[in-house]
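This report concerns only the one structure given below.
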Amino acid sequence: MPAVFPPAAPCSARARLGGLVLAAILDALLADPARHHPVAGFGGVAARVEATSYRDSRLAGTLHTALLVAAVTLPAAVTDRRLARRLTHPSAVPLLLATAGLGWVVLGGTSLRRAGRRIGTALADGDLAGARTLLPTLCGRDPANLDESALARGAIESIAENTCDAVVAPLWWGAVAGLPGLAAYRAVNTLDAMIGHHSPRYERFGYCAARLDDLANLIPARIGAFAACVCAPLVGGNPVDAYWVLRRDGRSHPSPNAGPVEAAFAGALGLRLGGELRYPYRVEHRPQLGFGRAPTGTDIAAAARLSAATGAVSLAVTVLAAAAASTLRALVTSRPLRRPRQPRRPRHTQQVPQAQHGRG
């Protein structure tokens, strides 16, 4: 008789999803560690490796990126495989805790919002010098000659883009690939921040890291953009307006992933983003995103609230989608339980008695 109910989702999948939820709670409560952050340690190691591996070529940059990503992904994959070998509930607890711990290290939404709010507070107090000093904690722009609107725009655009990098994408890759997904994504994203620039030094050397980061954020950026549209009413915006700006302006941005998220934030907040960007190594002129007014310091707090809401909605969507996929995979790969087939009994034939031959 076939089974009436499908088998439950694997215990390891539930442990990973539970670990991601716990990691998001830990990030909200504790934020990033102030000292000895593992991601900062990885960046230090990457800088030392770069001192010997740097060549002005794409091949050297590809080998540099592959070596550093593999150095953190392979141990994470081995750990994930060992912890998920059994599917019983007691053995799932270590996997849940490991996912929560690594997820807390990889996530950075709370620290992102705090850094943005500090810039907003400085601008509200009229402290342009303080805001200029704080801006490099969010982005790599040259703040020397930026006024209040340009500083606010830089902070809001960085909050929008890093909502994907620090929240949505880690959750996505943690749900899709577990511990190795978390480790690999953070390594790729960190290397992109370090060497994925259009500067003379890294134009060729950082090409691989930049392209890998674009690929890794392709789906998470769309999830974050749509989540920002849904959350627009929480900051006084209209979801329809946010979606309209996303569709109209998202593709005009030079970054295939930052564009949709920044456009959605611009539409949700009723602001006009984009324009001139000054970096230490060059000046960029980007198309405008949105049809609203120019941002001010008071808009940064609203952007931080929108970032928090976007992260929460993205977490819910990711967990539900991963749980549904796990259940469907278990349903498809399972075999119906049937009674073992009974062996057929041989047909009985009539036995003909043999004649007994005696001596006459």
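Chain lettering (A, B, ...) mirrors the order of the structure tokens, residue numbering begins at 1 for each chain separately, and ligand numbering begins at 1 in order of display.
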
(message) List the spatial neighbours of stretch 247-256 of chain A as number ranges by chain - criterion: any atom at most 7 Å away, only C-alpha atoms, same-chain residues fewer than 6 positions off excluded.
(response) A: 263, 286-287, 289

For the selection you just gave me, I'd like the residues written to a file as a CSV table (one decimal), in the first residue's frame, keeping N, CA, C and O atoms.
chain,number,residue,atom,x,y,z
A,263,ALA,N,17.4,51.6,-7.0
A,263,ALA,CA,16.2,52.2,-7.7
A,263,ALA,C,15.0,51.9,-6.8
A,263,ALA,O,14.1,52.8,-6.7
A,286,ARG,N,26.7,58.9,-13.0
A,286,ARG,CA,25.7,57.8,-13.1
A,286,ARG,C,24.3,58.4,-13.4
A,286,ARG,O,24.0,59.5,-13.0
A,287,PRO,N,23.5,57.7,-14.1
A,287,PRO,CA,22.1,58.2,-14.3
A,287,PRO,C,21.3,58.3,-13.1
A,287,PRO,O,21.6,57.6,-12.1
A,289,LEU,N,18.3,58.0,-10.5
A,289,LEU,CA,17.3,56.9,-10.1
A,289,LEU,C,16.2,57.6,-9.3
A,289,LEU,O,16.4,58.3,-8.3

(request) Please identify all polymer residues within 9 Å of A:Ala66, counting only C-alpha atoms, omitting same-chain residues fewer than 4 positions from it, and present them as a count of residues only. (result) 6

(request) Go through A:Asn189, A:Thr163, A:Ser149, A:Thr79 one by one, measure the shortest atom-to-atom distance of each to A:Phe42 using only C-alpha atoms, and give the residue with the smallest value. (result)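 Counting only C-alpha atoms, the residue closest to A:Phe42 is A:Asn189.
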
Nearby residues (only C-alpha atoms) at most 9 Å from stretch 170-176 of chain A, same-chain spacing under 6 positions excluded, as a PDB file with all heavy atoms, in the first residue's frame:
ATOM      1  N   ALA A  13      18.224  20.138   6.496  1.00  0.00           N
ATOM      2  CA  ALA A  13      17.693  21.351   5.870  1.00  0.00           C
ATOM      3  C   ALA A  13      16.988  22.222   6.898  1.00  0.00           C
ATOM      4  O   ALA A  13      17.147  23.449   6.911  1.00  0.00           O
ATOM      5  CB  ALA A  13      16.737  20.978   4.731  1.00  0.00           C
ATOM      6  N   ARG A  16      19.599  23.986   9.002  1.00  0.00           N
ATOM      7  CA  ARG A  16      20.221  25.129   8.338  1.00  0.00           C
ATOM      8  C   ARG A  16      19.302  26.344   8.361  1.00  0.00           C
ATOM      9  O   ARG A  16      19.743  27.467   8.630  1.00  0.00           O
ATOM     10  CB  ARG A  16      20.577  24.761   6.901  1.00  0.00           C
ATOM     11  CG  ARG A  16      21.697  23.733   6.777  1.00  0.00           C
ATOM     12  CD  ARG A  16      22.142  23.582   5.330  1.00  0.00           C
ATOM     13  NE  ARG A  16      23.186  22.563   5.210  1.00  0.00           N
ATOM     14  CZ  ARG A  16      22.964  21.315   4.830  1.00  0.00           C
ATOM     15  NH1 ARG A  16      21.734  20.925   4.561  1.00  0.00           N
ATOM     16  NH2 ARG A  16      23.971  20.460   4.742  1.00  0.00           N
ATOM     17  N   LEU A  17      18.035  26.139   8.066  1.00  0.00           N
ATOM     18  CA  LEU A  17      17.099  27.258   8.065  1.00  0.00           C
ATOM     19  C   LEU A  17      16.925  27.833   9.467  1.00  0.00           C
ATOM     20  O   LEU A  17      16.880  29.055   9.654  1.00  0.00           O
ATOM     21  CB  LEU A  17      15.751  26.809   7.491  1.00  0.00           C
ATOM     22  CG  LEU A  17      15.773  26.353   6.035  1.00  0.00           C
ATOM     23  CD1 LEU A  17      14.377  25.938   5.586  1.00  0.00           C
ATOM     24  CD2 LEU A  17      16.316  27.437   5.121  1.00  0.00           C
ATOM     25  N   LEU A  20      19.895  29.960  10.248  1.00  0.00           N
ATOM     26  CA  LEU A  20      19.870  31.273   9.605  1.00  0.00           C
ATOM     27  C   LEU A  20      18.964  32.244  10.357  1.00  0.00           C
ATOM     28  O   LEU A  20      19.291  33.427  10.521  1.00  0.00           O
ATOM     29  CB  LEU A  20      19.400  31.137   8.158  1.00  0.00           C
ATOM     30  CG  LEU A  20      20.361  30.418   7.203  1.00  0.00           C
ATOM     31  CD1 LEU A  20      19.736  30.268   5.831  1.00  0.00           C
ATOM     32  CD2 LEU A  20      21.684  31.168   7.107  1.00  0.00           C
ATOM     33  N   VAL A  21      17.820  31.756  10.815  1.00  0.00           N
ATOM     34  CA  VAL A  21      16.931  32.616  11.603  1.00  0.00           C
ATOM     35  C   VAL A  21      17.621  33.038  12.896  1.00  0.00           C
ATOM     36  O   VAL A  21      17.570  34.217  13.298  1.00  0.00           O
ATOM     37  CB  VAL A  21      15.602  31.885  11.897  1.00  0.00           C
ATOM     38  CG1 VAL A  21      14.733  32.704  12.830  1.00  0.00           C
ATOM     39  CG2 VAL A  21      14.858  31.599  10.597  1.00  0.00           C
ATOM     40  N   ALA A  24      20.197  35.715  12.189  1.00  0.00           N
ATOM     41  CA  ALA A  24      19.606  37.040  12.020  1.00  0.00           C
ATOM     42  C   ALA A  24      19.247  37.662  13.369  1.00  0.00           C
ATOM     43  O   ALA A  24      19.416  38.880  13.573  1.00  0.00           O
ATOM     44  CB  ALA A  24      18.364  36.947  11.133  1.00  0.00           C
ATOM     45  N   THR A  99      25.634  26.809  11.815  1.00  0.00           N
ATOM     46  CA  THR A  99      25.048  27.733  10.847  1.00  0.00           C
ATOM     47  C   THR A  99      24.754  29.079  11.481  1.00  0.00           C
ATOM     48  O   THR A  99      24.986  30.135  10.878  1.00  0.00           O
ATOM     49  CB  THR A  99      23.760  27.134  10.259  1.00  0.00           C
ATOM     50  OG1 THR A  99      24.046  25.857   9.683  1.00  0.00           O
ATOM     51  CG2 THR A  99      23.183  28.041   9.192  1.00  0.00           C
ATOM     52  N   GLY A 103      26.667  32.279  10.305  1.00  0.00           N
ATOM     53  CA  GLY A 103      25.747  33.276   9.766  1.00  0.00           C
ATOM     54  C   GLY A 103      25.862  34.610  10.480  1.00  0.00           C
ATOM     55  O   GLY A 103      25.809  35.681   9.853  1.00  0.00           O
ATOM     56  N   VAL A 106      28.852  36.359   9.141  1.00  0.00           N
ATOM     57  CA  VAL A 106      28.713  36.809   7.757  1.00  0.00           C
ATOM     58  C   VAL A 106      27.729  37.972   7.633  1.00  0.00           C
ATOM     59  O   VAL A 106      27.937  38.897   6.837  1.00  0.00           O
ATOM     60  CB  VAL A 106      28.282  35.619   6.880  1.00  0.00           C
ATOM     61  CG1 VAL A 106      27.880  36.077   5.495  1.00  0.00           C
ATOM     62  CG2 VAL A 106      29.414  34.608   6.790  1.00  0.00           C
ATOM     63  N   LEU A 107      26.646  37.959   8.400  1.00  0.00           N
ATOM     64  CA  LEU A 107      25.653  39.030   8.323  1.00  0.00           C
ATOM     65  C   LEU A 107      26.213  40.332   8.891  1.00  0.00           C
ATOM     66  O   LEU A 107      27.061  40.315   9.789  1.00  0.00           O
ATOM     67  CB  LEU A 107      24.387  38.638   9.087  1.00  0.00           C
ATOM     68  CG  LEU A 107      23.561  37.499   8.491  1.00  0.00           C
ATOM     69  CD1 LEU A 107      22.443  37.100   9.455  1.00  0.00           C
ATOM     70  CD2 LEU A 107      22.967  37.899   7.150  1.00  0.00           C
ATOM     71  N   CYS A 164      21.716  44.256   0.296  1.00  0.00           N
ATOM     72  CA  CYS A 164      21.860  42.999  -0.442  1.00  0.00           C
ATOM     73  C   CYS A 164      23.132  42.275  -0.021  1.00  0.00           C
ATOM     74  O   CYS A 164      23.097  41.082   0.306  1.00  0.00           O
ATOM     75  CB  CYS A 164      21.870  43.272  -1.942  1.00  0.00           C
ATOM     76  SG  CYS A 164      22.171  41.806  -2.956  1.00  0.00           S
ATOM     77  N   LEU A 182      27.706  30.169   2.842  1.00  0.00           N
ATOM     78  CA  LEU A 182      27.977  31.353   3.651  1.00  0.00           C
ATOM     79  C   LEU A 182      29.439  31.774   3.537  1.00  0.00           C
ATOM     80  O   LEU A 182      29.741  32.960   3.333  1.00  0.00           O
ATOM     81  CB  LEU A 182      27.631  31.070   5.117  1.00  0.00           C
ATOM     82  CG  LEU A 182      26.153  30.957   5.484  1.00  0.00           C
ATOM     83  CD1 LEU A 182      25.999  30.401   6.896  1.00  0.00           C
ATOM     84  CD2 LEU A 182      25.469  32.315   5.381  1.00  0.00           C
ATOM     85  N   ALA A 183      30.340  30.815   3.681  1.00  0.00           N
ATOM     86  CA  ALA A 183      31.769  31.146   3.656  1.00  0.00           C
ATOM     87  C   ALA A 183      32.207  31.643   2.286  1.00  0.00           C
ATOM     88  O   ALA A 183      32.944  32.642   2.175  1.00  0.00           O
ATOM     89  CB  ALA A 183      32.588  29.919   4.062  1.00  0.00           C
ATOM     90  N   ALA A 184      31.768  30.978   1.229  1.00  0.00           N
ATOM     91  CA  ALA A 184      32.188  31.366  -0.117  1.00  0.00           C
ATOM     92  C   ALA A 184      31.651  32.743  -0.477  1.00  0.00           C
ATOM     93  O   ALA A 184      32.376  33.565  -1.059  1.00  0.00           O
ATOM     94  CB  ALA A 184      31.712  30.328  -1.130  1.00  0.00           C
ATOM     95  N   TYR A 185      30.391  33.004  -0.130  1.00  0.00           N
ATOM     96  CA  TYR A 185      29.847  34.311  -0.491  1.00  0.00           C
ATOM     97  C   TYR A 185      30.586  35.430   0.222  1.00  0.00           C
ATOM     98  O   TYR A 185      30.936  36.442  -0.401  1.00  0.00           O
ATOM     99  CB  TYR A 185      28.354  34.418  -0.156  1.00  0.00           C
ATOM    100  CG  TYR A 185      27.874  35.823  -0.421  1.00  0.00           C
ATOM    101  CD1 TYR A 185      27.629  36.236  -1.723  1.00  0.00           C
ATOM    102  CD2 TYR A 185      27.755  36.753   0.615  1.00  0.00           C
ATOM    103  CE1 TYR A 185      27.254  37.543  -1.989  1.00  0.00           C
ATOM    104  CE2 TYR A 185      27.377  38.059   0.348  1.00  0.00           C
ATOM    105  CZ  TYR A 185      27.135  38.442  -0.948  1.00  0.00           C
ATOM    106  OH  TYR A 185      26.783  39.751  -1.215  1.00  0.00           O
ATOM    107  N   ARG A 186      30.830  35.280   1.521  1.00  0.00           N
ATOM    108  CA  ARG A 186      31.507  36.362   2.229  1.00  0.00           C
ATOM    109  C   ARG A 186      32.923  36.563   1.714  1.00  0.00           C
ATOM    110  O   ARG A 186      33.405  37.700   1.629  1.00  0.00           O
ATOM    111  CB  ARG A 186      31.508  36.080   3.737  1.00  0.00           C
ATOM    112  CG  ARG A 186      32.166  37.156   4.577  1.00  0.00           C
ATOM    113  CD  ARG A 186      31.692  38.555   4.224  1.00  0.00           C
ATOM    114  NE  ARG A 186      30.280  38.746   4.475  1.00  0.00           N
ATOM    115  CZ  ARG A 186      29.512  39.547   3.745  1.00  0.00           C
ATOM    116  NH1 ARG A 186      30.020  40.219   2.726  1.00  0.00           N
ATOM    117  NH2 ARG A 186      28.240  39.678   4.022  1.00  0.00           N
ATOM    118  N   ALA A 216      27.149  36.153  -7.869  1.00  0.00           N
ATOM    119  CA  ALA A 216      26.630  35.703  -6.580  1.00  0.00           C
ATOM    120  C   ALA A 216      25.444  36.536  -6.125  1.00  0.00           C
ATOM    121  O   ALA A 216      24.570  36.045  -5.392  1.00  0.00           O
ATOM    122  CB  ALA A 216      27.732  35.757  -5.526  1.00  0.00           C
ATOM    123  N   ILE A 219      20.568  36.846  -8.057  1.00  0.00           N
ATOM    124  CA  ILE A 219      19.228  36.547  -7.528  1.00  0.00           C
ATOM    125  C   ILE A 219      18.942  37.322  -6.243  1.00  0.00           C
ATOM    126  O   ILE A 219      17.861  37.910  -6.103  1.00  0.00           O
ATOM    127  CB  ILE A 219      19.071  35.035  -7.317  1.00  0.00           C
ATOM    128  CG1 ILE A 219      19.127  34.302  -8.666  1.00  0.00           C
ATOM    129  CG2 ILE A 219      17.766  34.719  -6.592  1.00  0.00           C
ATOM    130  CD1 ILE A 219      19.064  32.797  -8.548  1.00  0.00           C
ATOM    131  N   PRO A 220      19.864  37.363  -5.274  1.00  0.00           N
ATOM    132  CA  PRO A 220      19.569  38.110  -4.043  1.00  0.00           C
ATOM    133  C   PRO A 220      19.233  39.580  -4.274  1.00  0.00           C
ATOM    134  O   PRO A 220      18.388  40.140  -3.572  1.00  0.00           O
ATOM    135  CB  PRO A 220      20.861  37.959  -3.226  1.00  0.00           C
ATOM    136  CG  PRO A 220      21.451  36.680  -3.695  1.00  0.00           C
ATOM    137  CD  PRO A 220      21.141  36.624  -5.146  1.00  0.00           C
ATOM    138  N   SER A 314      13.049  39.553   3.244  1.00  0.00           N
ATOM    139  CA  SER A 314      13.909  38.651   2.474  1.00  0.00           C
ATOM    140  C   SER A 314      14.195  37.369   3.248  1.00  0.00           C
ATOM    141  O   SER A 314      14.263  36.282   2.661  1.00  0.00           O
ATOM    142  CB  SER A 314      15.218  39.351   2.119  1.00  0.00           C
ATOM    143  OG  SER A 314      14.970  40.507   1.330  1.00  0.00           O
ATOM    144  N   LEU A 315      14.388  37.481   4.566  1.00  0.00           N
ATOM    145  CA  LEU A 315      14.596  36.286   5.384  1.00  0.00           C
ATOM    146  C   LEU A 315      13.380  35.377   5.324  1.00  0.00           C
ATOM    147  O   LEU A 315      13.515  34.155   5.144  1.00  0.00           O
ATOM    148  CB  LEU A 315      14.885  36.691   6.826  1.00  0.00           C
ATOM    149  CG  LEU A 315      14.958  35.549   7.855  1.00  0.00           C
ATOM    150  CD1 LEU A 315      16.089  34.590   7.507  1.00  0.00           C
ATOM    151  CD2 LEU A 315      15.136  36.108   9.261  1.00  0.00           C
ATOM    152  N   THR A 318      13.168  33.765   1.825  1.00  0.00           N
ATOM    153  CA  THR A 318      14.213  32.766   1.621  1.00  0.00           C
ATOM    154  C   THR A 318      13.929  31.490   2.399  1.00  0.00           C
ATOM    155  O   THR A 318      14.067  30.379   1.873  1.00  0.00           O
ATOM    156  CB  THR A 318      15.575  33.346   2.053  1.00  0.00           C
ATOM    157  OG1 THR A 318      15.862  34.501   1.265  1.00  0.00           O
ATOM    158  CG2 THR A 318      16.674  32.323   1.873  1.00  0.00           C
ATOM    159  N   VAL A 319      13.519  31.627   3.657  1.00  0.00           N
ATOM    160  CA  VAL A 319      13.246  30.449   4.478  1.00  0.00           C
ATOM    161  C   VAL A 319      12.060  29.667   3.920  1.00  0.00           C
ATOM    162  O   VAL A 319      12.112  28.426   3.807  1.00  0.00           O
ATOM    163  CB  VAL A 319      12.990  30.874   5.935  1.00  0.00           C
ATOM    164  CG1 VAL A 319      12.431  29.700   6.746  1.00  0.00           C
ATOM    165  CG2 VAL A 319      14.281  31.370   6.572  1.00  0.00           C
ATOM    166  N   ALA A 322      13.127  27.965   0.613  1.00  0.00           N
ATOM    167  CA  ALA A 322      14.026  26.834   0.846  1.00  0.00           C
ATOM    168  C   ALA A 322      13.292  25.664   1.490  1.00  0.00           C
ATOM    169  O   ALA A 322      13.555  24.495   1.155  1.00  0.00           O
ATOM    170  CB  ALA A 322      15.191  27.280   1.721  1.00  0.00           C
ATOM    171  N   ALA A 323      12.387  25.942   2.414  1.00  0.00           N
ATOM    172  CA  ALA A 323      11.620  24.867   3.036  1.00  0.00           C
ATOM    173  C   ALA A 323      10.722  24.169   2.019  1.00  0.00           C
ATOM    174  O   ALA A 323      10.618  22.937   2.010  1.00  0.00           O
ATOM    175  CB  ALA A 323      10.789  25.424   4.189  1.00  0.00           C
TER     176      ALA A 323
END

(request) Please return as number ranges by chain: the residues of stretch 146-354 of chain A that backbone DSSP assigns to strand (DSSP E or B). (result) A: 271, 273-278, 283-289, 293

Using the selection just defined, write its residues with C-alpha atoms as an mmCIF file, in the first residue's frame.
data_model
loop_
_atom_site.group_PDB
_atom_site.id
_atom_site.type_symbol
_atom_site.label_atom_id
_atom_site.label_comp_id
_atom_site.auth_asym_id
_atom_site.auth_seq_id
_atom_site.Cartn_x
_atom_site.Cartn_y
_atom_site.Cartn_z
ATOM 1 C CA LEU A 271 14.077 60.445 -3.469
ATOM 2 C CA LEU A 273 19.575 59.171 -6.283
ATOM 3 C CA GLY A 274 22.472 58.819 -8.709
ATOM 4 C CA GLY A 275 24.551 61.535 -10.308
ATOM 5 C CA GLU A 276 28.226 62.368 -9.880
ATOM 6 C CA LEU A 277 30.401 60.056 -7.789
ATOM 7 C CA ARG A 278 33.933 61.035 -6.829
ATOM 8 C CA VAL A 283 34.981 60.499 -11.207
ATOM 9 C CA GLU A 284 31.837 58.697 -12.409
ATOM 10 C CA HIS A 285 28.600 60.168 -13.729
ATOM 11 C CA ARG A 286 25.702 57.820 -13.144
ATOM 12 C CA PRO A 287 22.105 58.194 -14.345
ATOM 13 C CA GLN A 288 19.531 59.436 -11.888
ATOM 14 C CA LEU A 289 17.330 56.945 -10.086
ATOM 15 C CA ARG A 293 13.600 65.306 -4.303
#

(message) From the options A:Leu102, A:Ile25, A:Leu151, A:Ala193, which residue's atoms come nearest to A:His37, counting only C-alpha atoms?
(response)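 Comparing A:Leu102, A:Ile25, A:Leu151, A:Ala193 against A:His37, the winner is A:Leu102.
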
(request) Compare A:Ala264, A:Gly43, A:Ala77, A:Ala228 by their minimum atom-to-atom distance to A:Asp192, counting only C-alpha atoms, and give me the closest one. (result) A:Gly43

(request) Between A:Arg201, A:Arg211, A:Arg305, A:Arg141, single out the one closest to A:Gly236, counting only C-alpha atoms. (result)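 Of all the options, A:Arg305 lies closest to A:Gly236.
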
(request) Run DSSP on the backbone and give me the residues of stretch 59-274 of chain A it puts in helix (DSSP H, G or I), as an NGL selection string. (result) :A and (59-83 or 89-106 or 109-124 or 128-137 or 148-195 or 202-205 or 207-216 or 218-230 or 232-235 or 239-252 or 258-269)
